[in-house]
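Asks: File protein32.cif follows (mmCIF, C-alpha atoms):
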```
data_run
loop_
_atom_site.label_atom_id
_atom_site.label_comp_id
_atom_site.auth_asym_id
_atom_site.auth_seq_id
_atom_site.Cartn_x
_atom_site.Cartn_y
_atom_site.Cartn_z
CA MET A 1 -3.55 87.26 -117.74
CA LEU A 2 -4.90 84.41 -115.63
CA THR A 3 -3.19 83.77 -112.30
CA THR A 4 -2.57 80.22 -111.13
CA ASP A 5 -5.55 80.57 -108.75
CA PHE A 6 -7.82 80.73 -111.78
CA LEU A 7 -6.12 78.22 -114.05
CA PHE A 8 -8.18 75.04 -114.36
CA THR A 9 -4.97 73.00 -114.29
CA GLU A 10 -4.17 74.32 -110.81
CA LYS A 11 -7.66 74.83 -109.43
CA TYR A 12 -8.68 71.27 -110.23
CA ARG A 13 -5.34 69.51 -109.78
CA PRO A 14 -5.94 66.13 -108.08
CA GLN A 15 -4.95 66.12 -104.41
CA THR A 16 -4.70 62.34 -104.01
CA VAL A 17 -3.24 59.54 -106.09
CA ALA A 18 -6.70 57.97 -106.32
CA ASP A 19 -8.01 61.08 -108.10
CA THR A 20 -5.31 61.11 -110.79
CA ILE A 21 -5.99 59.82 -114.30
CA LEU A 22 -3.22 57.29 -114.90
CA PRO A 23 -2.78 53.73 -116.19
CA ALA A 24 -3.74 51.18 -113.51
CA THR A 25 -0.20 49.87 -113.02
CA LEU A 26 1.21 53.36 -112.43
CA LYS A 27 -1.57 54.36 -110.06
CA LYS A 28 -1.05 51.14 -108.08
CA GLN A 29 2.69 51.77 -107.79
CA PHE A 30 2.25 55.35 -106.55
CA SER A 31 -0.45 54.24 -104.12
CA GLN A 32 1.96 51.69 -102.67
CA TYR A 33 4.50 54.43 -101.94
CA VAL A 34 1.80 56.32 -100.02
CA ASP A 35 0.70 53.20 -98.13
CA GLN A 36 4.31 52.46 -97.18
CA GLY A 37 4.77 56.03 -95.98
CA ASN A 38 7.91 56.60 -98.02
CA VAL A 39 8.68 57.81 -101.54
CA PRO A 40 12.12 56.92 -102.96
CA ASN A 41 14.08 59.18 -105.28
CA LEU A 42 12.15 59.02 -108.55
CA LEU A 43 12.68 59.93 -112.19
CA LEU A 44 9.29 60.28 -113.87
CA SER A 45 9.63 60.24 -117.65
CA GLY A 46 7.00 60.74 -120.32
CA PRO A 47 5.22 63.14 -122.69
CA PRO A 48 4.07 66.59 -121.53
CA GLY A 49 0.83 66.89 -119.60
CA THR A 50 0.48 63.22 -118.66
CA GLY A 51 0.39 63.75 -114.89
CA LYS A 52 4.01 63.41 -113.76
CA THR A 53 4.13 66.53 -111.59
CA THR A 54 0.53 66.10 -110.46
CA VAL A 55 1.04 62.61 -109.07
CA ALA A 56 4.32 63.65 -107.42
CA MET A 57 2.56 66.47 -105.58
CA ALA A 58 -0.43 64.25 -104.75
CA MET A 59 1.79 61.63 -103.10
CA LEU A 60 3.57 64.18 -100.95
CA GLU A 61 0.32 65.91 -99.96
CA GLU A 62 -1.14 62.58 -98.86
CA LEU A 63 1.98 61.88 -96.81
CA ASN A 64 1.88 65.42 -95.43
CA CYS A 65 5.52 65.92 -96.44
CA GLU A 66 7.15 69.32 -96.73
CA HIS A 67 8.18 69.92 -100.34
CA ILE A 68 9.13 72.54 -102.89
CA LEU A 69 8.59 72.60 -106.65
CA ILE A 70 11.31 73.97 -108.93
CA ASN A 71 10.91 74.31 -112.68
CA GLY A 72 14.17 73.20 -114.28
CA SER A 73 13.48 75.02 -117.53
CA LEU A 74 12.92 78.38 -115.81
CA SER A 75 15.17 78.38 -112.75
CA GLY A 76 17.40 75.38 -113.17
CA ASN A 77 20.79 77.06 -113.12
CA ILE A 78 23.50 76.03 -110.73
CA ASP A 79 22.90 79.05 -108.45
CA THR A 80 19.35 77.83 -107.83
CA LEU A 81 20.72 74.49 -106.68
CA ARG A 82 23.30 76.11 -104.44
CA ASN A 83 20.84 78.50 -102.86
CA GLU A 84 17.21 77.42 -102.97
CA ILE A 85 17.70 73.65 -102.91
CA ARG A 86 20.55 73.67 -100.41
CA GLN A 87 18.68 75.97 -98.04
CA PHE A 88 15.59 73.76 -98.20
CA ALA A 89 17.32 70.37 -98.15
CA SER A 90 19.80 71.10 -95.37
CA THR A 91 17.20 71.84 -92.67
CA MET A 92 14.93 69.45 -90.82
CA PRO A 93 11.15 69.66 -91.40
CA LEU A 94 9.49 72.14 -89.03
CA PHE A 95 5.75 71.58 -89.30
CA LYS A 96 5.27 68.38 -91.28
CA LYS A 97 6.35 64.83 -90.63
CA GLY A 98 8.75 62.57 -92.52
CA ARG A 99 11.32 63.50 -95.12
CA LYS A 100 11.33 66.67 -97.13
CA TYR A 101 11.18 66.48 -100.91
CA VAL A 102 12.34 68.53 -103.87
CA ILE A 103 10.21 68.13 -107.00
CA LEU A 104 12.43 69.17 -109.88
CA ASP A 105 10.18 69.65 -112.90
CA GLU A 106 11.60 69.35 -116.43
CA ALA A 107 14.95 68.11 -115.19
CA ASP A 108 15.97 67.32 -118.76
CA TYR A 109 16.42 71.08 -119.30
CA LEU A 110 19.20 71.25 -116.69
CA ASN A 111 22.72 71.70 -118.00
CA PRO A 112 24.23 68.18 -118.22
CA ASN A 113 27.77 69.51 -117.75
CA SER A 114 27.27 71.58 -114.61
CA THR A 115 23.84 71.62 -113.00
CA GLN A 116 23.01 67.92 -113.32
CA PRO A 117 26.34 66.76 -111.80
CA ALA A 118 25.83 69.25 -108.93
CA LEU A 119 22.36 67.83 -108.33
CA ARG A 120 23.85 64.35 -108.10
CA ASN A 121 26.09 65.52 -105.27
CA PHE A 122 23.18 67.19 -103.44
CA MET A 123 21.14 63.99 -103.64
CA GLU A 124 23.91 62.17 -101.83
CA GLU A 125 24.73 64.91 -99.34
CA TYR A 126 21.15 65.40 -98.11
CA SER A 127 19.85 61.86 -98.56
CA ILE A 128 19.11 61.42 -94.85
CA ASN A 129 16.35 64.00 -94.61
CA CYS A 130 15.54 64.99 -98.21
CA GLY A 131 14.31 63.06 -101.22
CA PHE A 132 14.14 64.12 -104.86
CA ILE A 133 11.50 63.57 -107.54
CA LEU A 134 12.63 64.52 -111.04
CA THR A 135 10.31 64.79 -114.03
CA CYS A 136 11.37 64.87 -117.67
CA ASN A 137 10.06 64.46 -121.17
CA TYR A 138 13.27 62.87 -122.46
CA LYS A 139 15.14 60.59 -120.06
CA SER A 140 18.06 60.43 -122.51
CA LYS A 141 18.83 64.06 -121.59
CA VAL A 142 19.29 63.14 -117.93
CA ILE A 143 22.84 62.02 -117.16
CA GLU A 144 23.35 58.39 -116.18
CA PRO A 145 24.63 59.15 -112.63
CA LEU A 146 21.29 60.88 -111.89
CA GLN A 147 19.27 58.07 -113.44
CA SER A 148 21.13 55.51 -111.34
CA ARG A 149 20.19 57.37 -108.14
CA CYS A 150 16.48 57.26 -108.95
CA SER A 151 13.81 54.68 -109.62
CA LEU A 152 12.74 55.25 -113.22
CA ILE A 153 9.00 55.28 -113.91
CA GLU A 154 7.92 55.76 -117.51
CA PHE A 155 4.49 57.20 -118.24
CA LYS A 156 3.40 54.86 -121.00
CA ILE A 157 -0.24 54.16 -121.72
CA PRO A 158 -1.06 50.61 -122.88
CA ALA A 159 -3.26 50.61 -125.98
CA LYS A 160 -6.07 48.78 -124.19
CA GLU A 161 -6.23 51.47 -121.49
CA LYS A 162 -6.38 54.49 -123.80
CA PRO A 163 -10.19 54.39 -124.26
CA VAL A 164 -10.65 53.98 -120.50
CA LEU A 165 -8.45 56.95 -119.64
CA ALA A 166 -9.99 59.11 -122.36
CA SER A 167 -13.43 58.30 -120.95
CA GLN A 168 -12.27 59.18 -117.43
CA PHE A 169 -10.95 62.50 -118.59
CA LEU A 170 -14.13 63.28 -120.54
CA LYS A 171 -16.10 62.75 -117.34
CA ARG A 172 -13.64 64.91 -115.36
CA ALA A 173 -13.63 67.69 -117.97
CA CYS A 174 -17.42 67.83 -118.14
CA ALA A 175 -17.61 67.96 -114.33
CA ILE A 176 -15.20 70.92 -114.30
CA LEU A 177 -17.20 72.76 -116.96
CA LYS A 178 -20.38 72.21 -114.95
CA MET A 179 -18.75 73.56 -111.78
CA GLU A 180 -17.58 76.58 -113.75
CA ARG A 181 -21.09 76.99 -115.19
CA ILE A 182 -19.79 76.86 -118.74
CA GLU A 183 -22.19 75.65 -121.42
CA TYR A 184 -20.67 72.85 -123.48
CA ASP A 185 -21.28 70.33 -126.22
CA GLU A 186 -20.05 66.95 -124.97
CA LYS A 187 -19.18 65.86 -128.51
CA ALA A 188 -16.90 68.90 -128.86
CA VAL A 189 -15.17 68.08 -125.58
CA ALA A 190 -14.75 64.46 -126.69
CA GLY A 191 -13.33 65.65 -130.01
CA LEU A 192 -10.76 67.79 -128.22
CA ILE A 193 -9.72 64.86 -126.04
CA THR A 194 -9.31 62.67 -129.12
CA LYS A 195 -7.18 65.35 -130.74
CA LEU A 196 -4.88 66.06 -127.77
CA PHE A 197 -4.77 62.72 -125.94
CA PRO A 198 -2.90 62.10 -123.64
CA ASP A 199 -1.88 65.70 -122.83
CA TRP A 200 -4.38 66.34 -120.02
CA ARG A 201 -2.87 69.71 -119.14
CA ARG A 202 -3.23 71.11 -122.64
CA MET A 203 -6.80 69.80 -122.88
CA LEU A 204 -7.79 71.79 -119.81
CA ASN A 205 -5.93 74.86 -121.02
CA GLU A 206 -7.68 74.69 -124.39
CA LEU A 207 -11.09 74.26 -122.74
CA GLN A 208 -10.48 77.22 -120.46
CA ALA A 209 -9.22 79.42 -123.28
CA TYR A 210 -12.12 78.63 -125.59
CA SER A 211 -14.69 78.99 -122.79
CA ALA A 212 -14.05 82.74 -122.99
CA THR A 213 -16.29 82.70 -126.09
CA GLY A 214 -19.16 81.71 -123.79
CA LYS A 215 -19.66 78.12 -124.93
CA ILE A 216 -17.63 75.01 -125.68
CA ASP A 217 -18.78 73.87 -129.12
CA THR A 218 -17.39 72.31 -132.28
CA GLY A 219 -15.99 75.68 -133.31
CA MET A 220 -12.92 74.98 -131.18
CA LEU A 221 -12.02 72.08 -133.48
CA VAL A 222 -12.37 73.69 -136.89
CA ASN A 223 -9.10 75.61 -136.74
CA PHE A 224 -7.01 72.51 -137.11
CA THR A 225 -8.45 70.07 -139.64
CA ASP A 226 -6.83 68.10 -142.43
CA THR A 227 -8.38 70.51 -144.90
CA THR A 228 -6.66 73.44 -143.21
CA VAL A 229 -3.23 71.79 -143.32
CA LYS A 230 -3.73 70.56 -146.88
CA LYS A 231 -4.03 74.20 -147.91
CA LEU A 232 -0.62 74.84 -146.36
CA ILE A 233 0.86 71.82 -148.13
CA LYS A 234 -0.42 73.14 -151.47
CA LEU A 235 1.24 76.48 -150.75
CA MET A 236 4.50 74.63 -150.10
CA LYS A 237 4.09 72.69 -153.33
CA ASP A 238 3.53 75.94 -155.25
CA LYS A 239 6.60 77.51 -153.57
CA ASN A 240 4.30 80.32 -152.46
CA PHE A 241 6.19 81.27 -149.32
CA THR A 242 4.48 84.65 -149.00
CA GLU A 243 1.08 83.03 -148.57
CA ALA A 244 2.53 80.16 -146.54
CA ARG A 245 4.06 82.65 -144.11
CA LYS A 246 0.69 84.39 -143.87
CA TRP A 247 -0.93 81.00 -143.14
CA VAL A 248 1.52 80.42 -140.28
CA ALA A 249 0.76 83.84 -138.80
CA GLU A 250 -3.00 83.31 -139.05
CA HIS A 251 -2.73 79.92 -137.32
CA ALA A 252 -0.32 80.93 -134.58
CA ASP A 253 -2.66 79.35 -132.01
CA ILE A 254 -1.78 75.88 -133.33
CA GLU A 255 0.98 74.17 -131.38
CA PRO A 256 3.99 73.67 -133.71
CA VAL A 257 4.41 70.02 -132.74
CA ASP A 258 0.75 69.37 -133.62
CA LEU A 259 1.22 71.01 -137.01
CA PHE A 260 4.40 69.06 -137.70
CA GLU A 261 2.69 65.80 -136.74
CA LYS A 262 -0.27 66.58 -139.04
CA ILE A 263 2.10 67.25 -141.96
CA TYR A 264 3.87 63.98 -141.16
CA ARG A 265 0.57 62.07 -141.21
CA LEU A 266 -0.48 63.60 -144.53
CA ALA A 267 2.91 63.17 -146.20
CA SER A 268 2.10 59.91 -148.00
CA GLU A 269 -0.82 61.63 -149.78
CA HIS A 270 1.01 64.76 -150.90
CA VAL A 271 4.77 64.12 -151.00
CA GLN A 272 6.72 61.98 -153.45
CA PRO A 273 7.99 58.78 -151.75
CA LYS A 274 11.65 59.62 -152.31
CA SER A 275 11.16 62.94 -150.47
CA ILE A 276 9.48 61.52 -147.38
CA PRO A 277 12.77 60.68 -145.58
CA VAL A 278 13.88 64.29 -146.14
CA LEU A 279 10.52 65.55 -144.82
CA VAL A 280 10.84 63.39 -141.69
CA GLU A 281 14.33 64.69 -140.95
CA ILE A 282 13.24 68.31 -141.36
CA LEU A 283 10.16 67.86 -139.16
CA ALA A 284 12.22 66.11 -136.49
CA LYS A 285 14.74 68.95 -136.46
CA TYR A 286 12.16 71.71 -136.08
CA SER A 287 10.07 69.72 -133.58
CA TYR A 288 13.13 69.49 -131.36
CA GLN A 289 13.95 73.18 -131.84
CA SER A 290 10.40 74.21 -130.90
CA ALA A 291 11.14 73.27 -127.28
CA PHE A 292 13.88 75.91 -127.04
CA VAL A 293 13.26 78.73 -129.52
CA ALA A 294 12.24 82.21 -128.40
CA HIS A 295 9.83 82.78 -131.31
CA GLN A 296 7.69 79.83 -132.38
CA GLU A 297 6.22 81.53 -135.46
CA ILE A 298 9.67 82.15 -136.94
CA ASN A 299 10.71 78.56 -136.22
CA THR A 300 7.55 77.22 -137.90
CA ALA A 301 7.99 79.54 -140.90
CA ALA A 302 11.59 78.35 -141.27
CA CYS A 303 10.39 74.74 -141.23
CA ILE A 304 7.81 75.46 -143.94
CA ALA A 305 10.42 77.23 -146.07
CA GLU A 306 12.81 74.29 -145.83
CA LEU A 307 10.10 71.72 -146.58
CA SER A 308 9.05 73.74 -149.61
CA GLY A 309 12.60 73.94 -150.91
CA GLU A 310 13.81 70.41 -150.16
CA CYS A 311 10.76 68.21 -150.83
CA GLN A 312 9.08 67.24 -154.08
CA PHE A 313 5.29 67.08 -153.93
CA LEU A 314 2.71 65.00 -155.78
#
```
Show me this structure written as structure tokens.
Replies:
Amino acid sequence: MLTTDFLFTEKYRPQTVADTILPATLKKQFSQYVDQGNVPNLLLSGPPGTGKTTVAMAMLEELNCEHILINGSLSGNIDTLRNEIRQFASTMPLFKKGRKYVILDEADYLNPNSTQPALRNFMEEYSINCGFILTCNYKSKVIEPLQSRCSLIEFKIPAKEKPVLASQFLKRACAILKMERIEYDEKAVAGLITKLFPDWRRMLNELQAYSATGKIDTGMLVNFTDTTVKKLIKLMKDKNFTEARKWVAEHADIEPVDLFEKIYRLASEHVQPKSIPVLVEILAKYSYQSAFVAHQEINTAACIAELSGECQFL
């Protein structure tokens, strides 16, 4: 198993706001916080892998602020707040200047009935010497009292900036591969970016994982094509759950949300119009569940079984 010292996402994490890959308006706003020498309480909201945690850490590194990072989905229970956060937030900085900061990653995973209200109280109690930066994928899961105590910044990419950011990341990815002395096909890297945009973190993870084969080439893209998913749709149409289940097992490397999105995109070609609303509801349910389930393959197989039973195909 790779340690964080060897993960591309950590090894090549930008250390300054200027080095991040973000829309111009967002980068300007974060740069202003650094120039002013103060970062307010923030709630950074947006899709996974778009740079929320990275830019939070970059700002605090530039300001030379003492900070800790806590993952809300892994250690976000109320005892963590009472112990780790309180111990950190209640003391004055020892070696670095300015305020201390708590970066609370994936804050939308915190219990809204206990942990989130407790965090609200901590933000008030330690406001003099400690600031908080919360990140989330779904701001609707963060209680209103927390949202009101933070400046909300949404990580949205304007359509006109998407090609620019994709080009920036292609350049960055190729530079990383060169530094790692990994042979690569630039068209394959570009294809991966097109497929996964704007999840920068997953792009790097996929590149690192596939580089174990010795070369980044178009082979990394063939596992997830329309043709591949169309085969699964035909199995659903034929009510052949045995083979469909085998398909799911053989393609366990595909992220469930990517598979669900591909089925959604192909629905108009393969599903009767009256069944499409049912298909959308089923996909939405299992996409949501995929963020919490212990076994993704079982969740995906259950989704396929329900689609096969509830939808009528062309």
Asks: Give the answer as one residue: which of A:Thr242, A:Gln289, A:Asn71, A:Ser211 has the shortest atom-to-atom distance to Phe260 (chain A), using only C-alpha atoms?
Replies: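 Of A:Thr242, A:Gln289, A:Asn71, A:Ser211, the one nearest Phe260 (chain A), counting only C-alpha atoms, is A:Gln289.
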Asks: Show me, as a list in words, the residues that have an atom within 9 Å of Arg202 (chain A) when counting all atoms listed in the file, minus same-chain residues fewer than 4 positions from it.
Replies: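 Contacts, with the query itself left out: Thr9, Pro48, Gly49, Leu196, Glu206 and Leu207 of chain A.
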Asks: So what does the PyMOL selection byres ((chain A and resi 262-277) around 8) actually pick up in this one, as a JSON list (two decimals) with C-alpha atoms, keeping the file's coordinate frame?
Replies:
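part_22.json, freshly written:
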```json
[["chain", "number", "residue", "atom", "x", "y", "z"],
["A", 226, "ASP", "CA", -6.83, 68.10, -142.43],
["A", 229, "VAL", "CA", -3.23, 71.79, -143.32],
["A", 233, "ILE", "CA", 0.86, 71.82, -148.13],
["A", 258, "ASP", "CA", 0.75, 69.37, -133.62],
["A", 259, "LEU", "CA", 1.22, 71.01, -137.01],
["A", 260, "PHE", "CA", 4.40, 69.06, -137.70],
["A", 261, "GLU", "CA", 2.69, 65.80, -136.74],
["A", 278, "VAL", "CA", 13.88, 64.29, -146.14],
["A", 279, "LEU", "CA", 10.52, 65.55, -144.82],
["A", 280, "VAL", "CA", 10.84, 63.39, -141.69],
["A", 281, "GLU", "CA", 14.33, 64.69, -140.95],
["A", 283, "LEU", "CA", 10.16, 67.86, -139.16],
["A", 310, "GLU", "CA", 13.81, 70.41, -150.16],
["A", 311, "CYS", "CA", 10.76, 68.21, -150.83],
["A", 312, "GLN", "CA", 9.08, 67.24, -154.08],
["A", 313, "PHE", "CA", 5.29, 67.08, -153.93],
["A", 314, "LEU", "CA", 2.71, 65.00, -155.78]]
```
Asks: Here's the selection I'm unsure about, the PyMOL selection byres ((chain A and resi 184) around 10); applied to the file above, which residues does it give, as a PyMOL selection string?
Replies: chain A and resi 174+177-178+181-183+185-189+207+211+214-218
Asks: Applied to the shown file, which residues does the PyMOL selection byres ((chain A and resi 169) around 10) return, written as a count of residues only?
Replies: 22
Asks: Using all atoms listed in the file, which of the listed residues (A:Ala302, A:Ala18, A:Leu44, A:Met123) sits closest to Ile153 (chain A)?
Replies: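 For Ile153 (chain A), the nearest of the given residues is A:Leu44.
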Asks: For a test of reading the model, state the distance in Å between CA of Ser287 (chain A) and CA of Lys195 (chain A), rounded to one decimal.
Replies: 18.0 Å
Asks: Once 3 Å is added on each side, what are the centre and the three edge lengths, in Å to one decimal, of the axis-aligned box enclosing the listed atoms of region 196-208 of chain A? Present them as lines of an AutoDock Vina configuration file.
Replies:
```
center_x = -6.5
center_y = 69.7
center_z = -123.5
size_x = 15.2
size_y = 21.1
size_z = 14.6
```
Asks: For CA of Gly46 (chain A) and CA of Asn83 (chain A), determine how far apart the two atoms are, in Å to one decimal place.
Replies: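 Pair CA of Gly46 (chain A) / CA of Asn83 (chain A) returns 28.5 Å.
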Asks: For Glu154 (chain A), which residue out of A:Lys28, A:Lys52, A:Arg86, A:Lys11 is the nearest one, using only C-alpha atoms?
Replies: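 Closest to Glu154 (chain A), using only C-alpha atoms: A:Lys52.
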